[in-house]
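Colleague: So here's start.cif, just mmCIF, C-alpha atoms:
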```
data_entry
loop_
_atom_site.label_atom_id
_atom_site.label_comp_id
_atom_site.auth_asym_id
_atom_site.auth_seq_id
_atom_site.Cartn_x
_atom_site.Cartn_y
_atom_site.Cartn_z
CA MET A 1 117.04 92.99 108.76
CA ILE A 2 116.08 92.22 112.36
CA LYS A 3 112.55 93.17 113.50
CA ILE A 4 112.82 94.76 116.93
CA TYR A 5 109.18 95.70 117.46
CA GLU A 6 105.79 95.46 115.79
CA ALA A 7 102.67 97.39 116.76
CA GLU A 8 99.19 96.21 115.92
CA ILE A 9 96.24 98.59 115.86
CA LYS A 10 92.78 97.87 114.49
CA ASN A 11 90.28 100.42 113.19
CA ILE A 12 86.55 99.97 113.14
CA GLY A 13 84.36 102.60 111.50
CA GLY A 14 86.99 104.55 109.54
CA ARG A 15 87.07 108.22 110.44
CA THR A 16 83.97 107.91 112.64
CA GLY A 17 84.96 104.91 114.72
CA GLU A 18 87.76 103.81 116.97
CA VAL A 19 91.33 102.54 116.92
CA PHE A 20 92.57 100.01 119.43
CA SER A 21 95.27 97.49 120.20
CA PRO A 22 94.41 93.82 120.78
CA ASP A 23 95.26 94.19 124.49
CA LYS A 24 93.09 97.36 124.70
CA LYS A 25 95.95 99.38 126.26
CA PHE A 26 95.54 101.73 123.28
CA ASN A 27 91.94 102.65 122.60
CA LEU A 28 90.82 105.93 121.07
CA LYS A 29 87.66 107.23 119.43
CA VAL A 30 88.29 108.86 116.06
CA SER A 31 86.37 111.30 113.92
CA SER A 32 87.00 113.40 110.89
CA PRO A 33 88.86 116.61 111.84
CA THR A 34 86.17 118.66 110.10
CA LEU A 35 83.45 117.27 112.41
CA LYS A 36 85.11 118.59 115.60
CA VAL A 37 83.65 115.85 117.82
CA GLU A 38 84.71 116.33 121.45
CA GLY A 39 86.74 113.53 123.00
CA THR A 40 88.00 112.16 119.69
CA THR A 41 91.23 112.26 117.75
CA ASN A 42 91.88 111.85 114.03
CA PRO A 43 94.43 110.15 111.79
CA GLU A 44 96.34 113.38 111.24
CA GLN A 45 96.81 113.93 114.98
CA LEU A 46 97.88 110.31 115.43
CA PHE A 47 100.38 110.65 112.58
CA ALA A 48 101.72 113.92 114.04
CA ALA A 49 102.12 112.27 117.45
CA GLY A 50 104.01 109.33 115.97
CA TYR A 51 106.24 111.43 113.73
CA SER A 52 107.16 113.96 116.44
CA ALA A 53 108.05 111.20 118.90
CA CYS A 54 109.98 109.20 116.31
CA PHE A 55 111.92 112.23 115.05
CA ASN A 56 112.78 113.34 118.58
CA GLY A 57 113.95 109.80 119.35
CA ALA A 58 116.14 109.85 116.23
CA LEU A 59 117.49 113.25 117.30
CA GLN A 60 118.39 111.91 120.73
CA ALA A 61 120.06 108.84 119.18
CA VAL A 62 122.14 111.12 116.94
CA MET A 63 123.12 113.27 119.92
CA HIS A 64 124.12 110.17 121.88
CA LYS A 65 126.25 108.98 118.94
CA ASN A 66 127.89 112.44 118.75
CA LYS A 67 128.34 112.56 122.56
CA THR A 68 126.25 115.73 122.88
CA VAL A 69 123.35 116.42 125.20
CA PHE A 70 120.70 119.07 124.63
CA GLN A 71 117.08 119.35 125.69
CA THR A 72 114.91 118.83 122.62
CA ALA A 73 111.28 119.13 121.54
CA VAL A 74 109.65 118.40 118.19
CA THR A 75 106.30 119.83 117.14
CA ALA A 76 104.66 118.15 114.15
CA LYS A 77 101.88 119.72 112.12
CA VAL A 78 100.19 117.35 109.69
CA ALA A 79 97.90 118.96 107.12
CA LEU A 80 95.27 117.07 105.18
CA HIS A 81 94.77 118.34 101.62
CA ASN A 82 91.82 117.75 99.30
CA ASN A 83 92.87 117.90 95.66
CA GLY A 84 89.35 117.08 94.43
CA ASP A 85 87.60 113.90 93.34
CA LEU A 86 88.77 111.68 96.24
CA ASN A 87 92.38 112.79 95.77
CA PHE A 88 93.72 113.46 99.28
CA ASN A 89 97.27 113.83 100.57
CA ILE A 90 99.12 115.12 103.62
CA SER A 91 102.01 117.47 104.23
CA VAL A 92 104.13 117.76 107.35
CA ASP A 93 105.90 120.60 109.13
CA LEU A 94 108.38 119.60 111.86
CA ALA A 95 109.58 122.42 114.12
CA VAL A 96 112.60 121.24 116.10
CA GLU A 97 113.85 122.89 119.29
CA ILE A 98 117.36 122.15 120.53
CA LEU A 99 117.96 124.25 123.63
CA GLY A 100 121.51 125.43 124.18
CA ALA A 101 122.92 124.40 120.79
CA ASP A 102 124.24 127.01 118.40
CA LYS A 103 122.44 127.20 115.06
CA GLU A 104 125.08 125.35 113.02
CA ILE A 105 125.25 122.40 115.44
CA ALA A 106 121.45 122.28 115.78
CA GLU A 107 120.95 122.21 112.01
CA GLN A 108 123.54 119.44 111.62
CA LEU A 109 121.83 117.37 114.31
CA ILE A 110 118.46 117.91 112.60
CA HIS A 111 119.91 116.83 109.25
CA GLU A 112 121.38 113.67 110.76
CA ALA A 113 118.14 112.86 112.61
CA ASP A 114 116.19 113.24 109.37
CA LEU A 115 118.44 110.61 107.77
CA VAL A 116 117.91 108.22 110.73
CA CYS A 117 114.19 108.66 111.49
CA PRO A 118 112.03 105.82 110.09
CA TYR A 119 109.09 108.19 109.49
CA SER A 120 111.32 110.55 107.49
CA LYS A 121 112.63 107.62 105.46
CA ALA A 122 109.11 106.37 104.76
CA LEU A 123 107.90 109.78 103.58
CA ARG A 124 110.97 110.88 101.62
CA ASN A 125 110.21 111.61 97.93
CA ASN A 126 106.49 111.05 98.49
CA VAL A 127 105.18 113.58 101.05
CA LYS A 128 106.11 117.24 101.35
CA VAL A 129 107.96 117.50 104.68
CA ASN A 130 109.46 120.73 106.00
CA VAL A 131 111.92 120.06 108.84
CA HIS A 132 113.33 123.20 110.43
CA LEU A 133 114.89 124.64 113.55
CA LYS A 134 112.22 126.48 115.54
CA LYS A 135 112.98 130.16 115.82
#
```
Output the structure of this file as structure tokens.

Modeller:
Amino acid sequence: MIKIYEAEIKNIGGRTGEVFSPDKKFNLKVSSPTLKVEGTTNPEQLFAAGYSACFNGALQAVMHKNKTVFQTAVTAKVALHNNGDLNFNISVDLAVEILGADKEIAEQLIHEADLVCPYSKALRNNVKVNVHLKK
């Protein structure tokens, strides 16, 4: 296995702090989503941003491999669930848009992207993920 990239982000203060890279090019204030603090983000939004970008990148790689070109967009919704007594988990809904592709081709591309995407691989058999073609 060849490492092609490694990101480093540090958190101070948990859900009421900040996340930043050593070079400070990435620096965001975070808060719990239930607090609704203006000018902050939260881990669920950060995860949704990463997963949507990664899945769309995988989708574009699959299209390139299959010599097809379509405009795409991926919307990720990440839900935080409280199962009681400090038992939390997330679920994910990925709505995929592939403009100009017929339904059968779009669904095949989505399936292939799901097999390629590192986020999908990491979550498989552990987190409930619903990947679907946006209607």

Colleague: Which residue out of A:Ala49, A:Asn66, A:Asp93, A:Ala73 has the minimum interatomic distance to Gln108 in chain A when only C-alpha atoms are used?

Modeller: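 Closest candidate: A:Asn66.
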
Colleague: Any chance you could resolve the PyMOL selection byres ((chain A and resi 8) around 12) against this file and give the residues as a list in words?

Modeller: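 So the PyMOL selection byres ((chain A and resi 8) around 12) ends up selecting Tyr5, Glu6, Ala7, Ile9, Lys10, Asn11, Val19, Phe20, Ser21, Pro22, Asp23, Lys24, Lys25, Phe26 and Asn27 of chain A.
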
Colleague: Which residues fall under the PyMOL selection byres ((chain A and resi 18) around 6) in this file, as a VMD selection string?

Modeller: chain A and resid 11 to 12 17 19 28 to 30

Colleague: Spell out the residues picked by the PyMOL selection byres ((chain A and resi 59-61) around 10) here, as an NGL selection string.

Modeller: :A and (53-58 or 62-74 or 96 or 98 or 106 or 109-117)

Colleague: With only C-alpha atoms as the basis for distance, which of A:Ser120, A:Thr16, A:Asn125, A:Thr75 is at the shortest distance from Pro43 in chain A?

Modeller: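 Residue with the minimum atom-to-atom distance to Pro43 in chain A: A:Thr16.
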
Colleague: Interatomic distance between CA of Asp102 in chain A and CA of Val131 in chain A?

Modeller: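 Interatomic distance, CA of Asp102 in chain A to CA of Val131 in chain A: 17.1 Å.
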
Colleague: Tell me, as a PyMOL selection string, which residues lie within 12 Å of Leu35 in chain A, counting all atoms listed in the file; anything in the same chain fewer than 6 positions away does not count.

Modeller: chain A and resi 15-16+41-42

Colleague: Based on the selection just made, write C-alpha atoms of those residues as a JSON list (two decimals), in the coordinates of the input.

Modeller:
```json
[["chain", "number", "residue", "atom", "x", "y", "z"],
["A", 15, "ARG", "CA", 87.07, 108.22, 110.44],
["A", 16, "THR", "CA", 83.97, 107.91, 112.64],
["A", 41, "THR", "CA", 91.23, 112.26, 117.75],
["A", 42, "ASN", "CA", 91.88, 111.85, 114.03]]
```

Colleague: CA of Ser31 in chain A to CA of Ala95 in chain A: how many Å, to one decimal?

Modeller: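 Separating CA of Ser31 in chain A from CA of Ala95 in chain A is a distance of 25.7 Å.
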
Colleague: Counting only C-alpha atoms, find the residues whose atoms lie at most 8 Å from (96.6, 116.2, 102.9) (file coordinates) and write them out as a ChimeraX atom specification.

Modeller: /A:78-82,88-91

Colleague: So what do you get for CA of Val92 in chain A versus CA of Pro118 in chain A, distance-wise?

Modeller: 14.6 Å

Colleague: Hey, which of A:Val129, A:Val37, A:Met1, A:Ile105 ends up closest to Ala76 in chain A? Count all atoms listed in the file.

Modeller: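 Nearest to Ala76 in chain A: A:Val129.
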
Colleague: Using all atoms listed in the file, pick whichever of A:Val127, A:Lys77, A:Ile2, A:Lys134 has the shortest atom-to-atom distance to Ala48 in chain A.

Modeller: A:Lys77
